[in-house]
$ cat coords_0.cif   # mmCIF, C-alpha atoms
data_coords
#
loop_
_atom_site.label_atom_id
_atom_site.label_comp_id
_atom_site.auth_asym_id
_atom_site.auth_seq_id
_atom_site.Cartn_x
_atom_site.Cartn_y
_atom_site.Cartn_z
CA MET A 638 16.54 -147.59 97.59
CA LEU A 639 15.79 -147.23 101.30
CA ASP A 640 13.57 -144.23 100.56
CA LEU A 641 11.34 -146.47 98.43
CA LEU A 642 10.63 -148.91 101.27
CA ASN A 643 8.06 -148.47 104.00
CA VAL A 644 6.03 -150.79 106.19
CA ASN A 645 2.81 -150.33 108.08
CA PRO A 646 2.67 -152.35 111.32
CA SER A 647 -1.10 -151.87 111.55
CA ASN A 648 -1.56 -153.38 108.07
CA GLY A 649 -3.02 -156.88 108.16
CA ASP A 650 -0.03 -158.33 106.27
CA PRO A 651 3.10 -159.41 108.15
CA ILE A 652 5.96 -156.90 107.89
CA TYR A 653 8.27 -159.41 106.17
CA ARG A 654 5.64 -159.92 103.46
CA GLN A 655 5.11 -156.18 103.00
CA LEU A 656 8.86 -155.78 102.60
CA SER A 657 9.31 -158.68 100.20
CA ASP A 658 6.34 -157.53 98.08
CA GLN A 659 7.79 -154.03 97.83
CA ILE A 660 11.21 -155.31 96.79
CA VAL A 661 9.64 -157.48 94.07
CA ARG A 662 7.68 -154.46 92.81
CA LEU A 663 10.90 -152.42 92.71
CA ILE A 664 12.59 -155.16 90.67
CA VAL A 665 9.69 -155.65 88.25
CA GLY A 666 9.20 -151.88 87.96
CA GLY A 667 12.85 -151.40 87.05
CA GLN A 668 13.87 -149.31 90.06
CA LEU A 669 16.20 -152.16 91.07
CA GLN A 670 18.37 -153.48 88.27
CA PRO A 671 19.95 -156.96 87.95
CA GLN A 672 23.16 -157.24 89.96
CA GLU A 673 22.35 -154.05 91.92
CA VAL A 674 23.54 -154.29 95.52
CA LEU A 675 20.92 -153.99 98.27
CA PRO A 676 21.57 -152.22 101.57
CA SER A 677 22.51 -154.54 104.42
CA VAL A 678 19.86 -156.21 106.57
CA ARG A 679 20.93 -153.96 109.44
CA GLN A 680 20.57 -150.79 107.32
CA ILE A 681 17.12 -151.78 106.12
CA ALA A 682 16.02 -152.74 109.65
CA GLU A 683 17.25 -149.43 111.08
CA HIS A 684 15.59 -147.42 108.30
CA LEU A 685 12.23 -149.17 108.82
CA ALA A 686 12.61 -149.45 112.62
CA VAL A 687 11.93 -153.20 112.54
CA ASN A 688 13.70 -156.27 113.85
CA PRO A 689 16.63 -157.36 111.66
CA MET A 690 15.27 -160.93 111.75
CA THR A 691 12.13 -159.68 110.02
CA VAL A 692 14.21 -158.14 107.23
CA SER A 693 16.36 -161.26 107.03
CA ARG A 694 13.25 -163.42 106.63
CA ALA A 695 11.99 -161.25 103.75
CA ILE A 696 15.40 -161.33 102.04
CA GLN A 697 15.72 -165.09 102.47
CA GLN A 698 12.26 -165.61 100.99
CA LEU A 699 13.26 -163.56 97.94
CA VAL A 700 16.50 -165.51 97.58
CA GLU A 701 14.51 -168.77 97.61
CA GLN A 702 12.13 -167.35 94.98
CA GLY A 703 15.03 -166.31 92.75
CA TRP A 704 14.56 -162.54 93.02
CA LEU A 705 17.77 -161.97 94.99
CA GLU A 706 21.08 -163.77 95.31
CA ARG A 707 23.32 -164.09 98.34
CA ARG A 708 26.90 -165.26 98.45
CA ARG A 709 28.94 -165.65 101.59
CA GLY A 710 31.06 -162.57 102.23
CA GLN A 711 29.33 -160.51 99.53
CA PRO A 712 26.35 -158.15 99.65
CA THR A 713 22.90 -159.27 98.58
CA ARG A 714 22.22 -158.46 94.93
CA VAL A 715 19.25 -158.44 92.61
CA ALA A 716 19.32 -161.70 90.68
CA GLN A 717 19.66 -161.84 86.92
CA ARG A 718 16.23 -163.01 85.75
CA GLY A 719 15.27 -164.34 82.36
CA ASP A 720 12.12 -163.39 80.50
CA SER A 721 10.88 -166.93 81.03
CA GLN A 722 10.17 -166.08 84.66
CA GLY A 723 7.79 -163.41 83.31
CA THR A 724 6.19 -161.71 86.29
CA SER A 725 4.77 -158.46 85.01
CA SER A 726 3.65 -155.32 86.82
CA ALA A 727 0.07 -156.26 85.98
CA ASP A 728 0.53 -159.70 87.60
CA LEU A 729 1.78 -158.08 90.81
CA MET A 730 -1.01 -155.52 90.95
CA SER A 731 -3.85 -157.87 90.08
CA PRO A 732 -4.89 -158.77 93.67
CA GLN A 733 -5.03 -155.12 94.75
CA VAL A 734 -6.86 -154.06 91.58
CA ASN A 735 -9.44 -156.83 92.03
CA SER A 736 -9.94 -155.80 95.65
CA LEU A 737 -10.38 -152.15 94.66
CA ILE A 738 -12.91 -153.07 91.97
CA ASN A 739 -14.89 -155.25 94.39
CA GLN A 740 -14.95 -152.44 96.98
CA ALA A 741 -16.08 -149.93 94.35
CA LYS A 742 -18.89 -152.21 93.19
CA GLN A 743 -20.03 -152.78 96.79
CA LEU A 744 -20.16 -149.02 97.29
CA GLY A 745 -22.00 -148.45 94.03
CA VAL A 746 -19.14 -146.47 92.47
CA SER A 747 -19.30 -146.35 88.67
CA LEU A 748 -16.30 -147.06 86.44
CA GLU A 749 -16.15 -143.37 85.51
CA GLU A 750 -16.13 -142.33 89.17
CA LEU A 751 -13.46 -144.93 89.98
CA ASN A 752 -11.29 -143.69 87.11
CA ALA A 753 -11.65 -140.12 88.40
CA ILE A 754 -10.71 -141.21 91.94
CA ILE A 755 -7.65 -143.05 90.64
CA ALA A 756 -6.60 -140.12 88.44
CA LYS A 757 -6.89 -137.70 91.36
CA ALA A 758 -4.89 -139.99 93.68
CA TRP A 759 -2.27 -140.48 90.94
CA GLN A 760 -1.82 -136.71 90.62
CA GLN A 761 -1.53 -136.28 94.40
CA ALA A 762 1.13 -139.01 94.56
CA GLN A 763 3.36 -137.18 92.05
#
$ encode --input "coords_0.cif" --output "structure tokens"
Amino acid sequence: MLDLLNVNPSNGDPIYRQLSDQIVRLIVGGQLQPQEVLPSVRQIAEHLAVNPMTVSRAIQQLVEQGWLERRRGQPTRVAQRGDSQGTSSADLMSPQVNSLINQAKQLGVSLEELNAIIAKAWQQAQ
């Protein structure tokens, strides 16, 4: 799981938010299963080279939102979520997709060109 996490300090978003957003995407995308144990705060902080308090803040936020569960003396786990909580991959990607579309329109990029750019980037990410 640690290999799937990364943060960018020069990104405009706070590191704790980047981390919490990535963990939610891993849960919704199925890479993290219900009841799966997460690495410790210290392990995540060392892997990302960030302050453990930053990681702890992200984890606590996800506990409060119901994505993770913490019990004293036990590791943090992915919470069991019902379908009624229904956050989909599309819901999570919507802000970034809208931003990309707006940027493309401002630059005069056609839908066909945008699709080609996305397809090329998709192939390079494989």
$ atom_distance --input "coords_0.cif" --atom1 "atom CA of Leu705 of chain A" --atom2 "atom CA of Gln668 of chain A"
14.1 Å
$ atom_distance --input "coords_0.cif" --atom1 "atom CA of Trp759 of chain A" --atom2 "atom CA of Ala741 of chain A"
17.1 Å
$ closest_atom_pairs --input "coords_0.cif" --of "segment 675-697 of chain A" --to "segment 660-667 of chain A" --cutoff "12 Å" --atoms "all atoms listed in the file" --output "Markdown table"
| residue | atom | partner | partner_atom | distance |
| --- | --- | --- | --- | --- |
| A:Leu675 | CA | A:Ile660 | CA | 9.9 |
| A:Pro676 | CA | A:Ile660 | CA | 11.8 |
| A:Ile681 | CA | A:Ile660 | CA | 11.6 |
| A:Val692 | CA | A:Ile660 | CA | 11.2 |
| A:Ala695 | CA | A:Ile660 | CA | 9.2 |
| A:Ile696 | CA | A:Ile660 | CA | 9.0 |
$ atom_distance --input "coords_0.cif" --atom1 "atom CA of Met730 of chain A" --atom2 "atom CA of Ser693 of chain A"
24.4 Å
$ residues_around --input "coords_0.cif" --residues "Leu642 of chain A" --least-positions-apart "2" --cutoff "10 Å" --atoms "all atoms listed in the file" --output "VMD selection string"
chain A and resid 638 to 640 644 655 to 657 659 to 660 663 681 684 to 685
$ resolve_selection --input "coords_0.cif" --expression "the PyMOL selection byres ((chain A and resi 716) around 7)" --output "PyMOL selection string"
chain A and resi 671-672+703-706+714-715+717-718
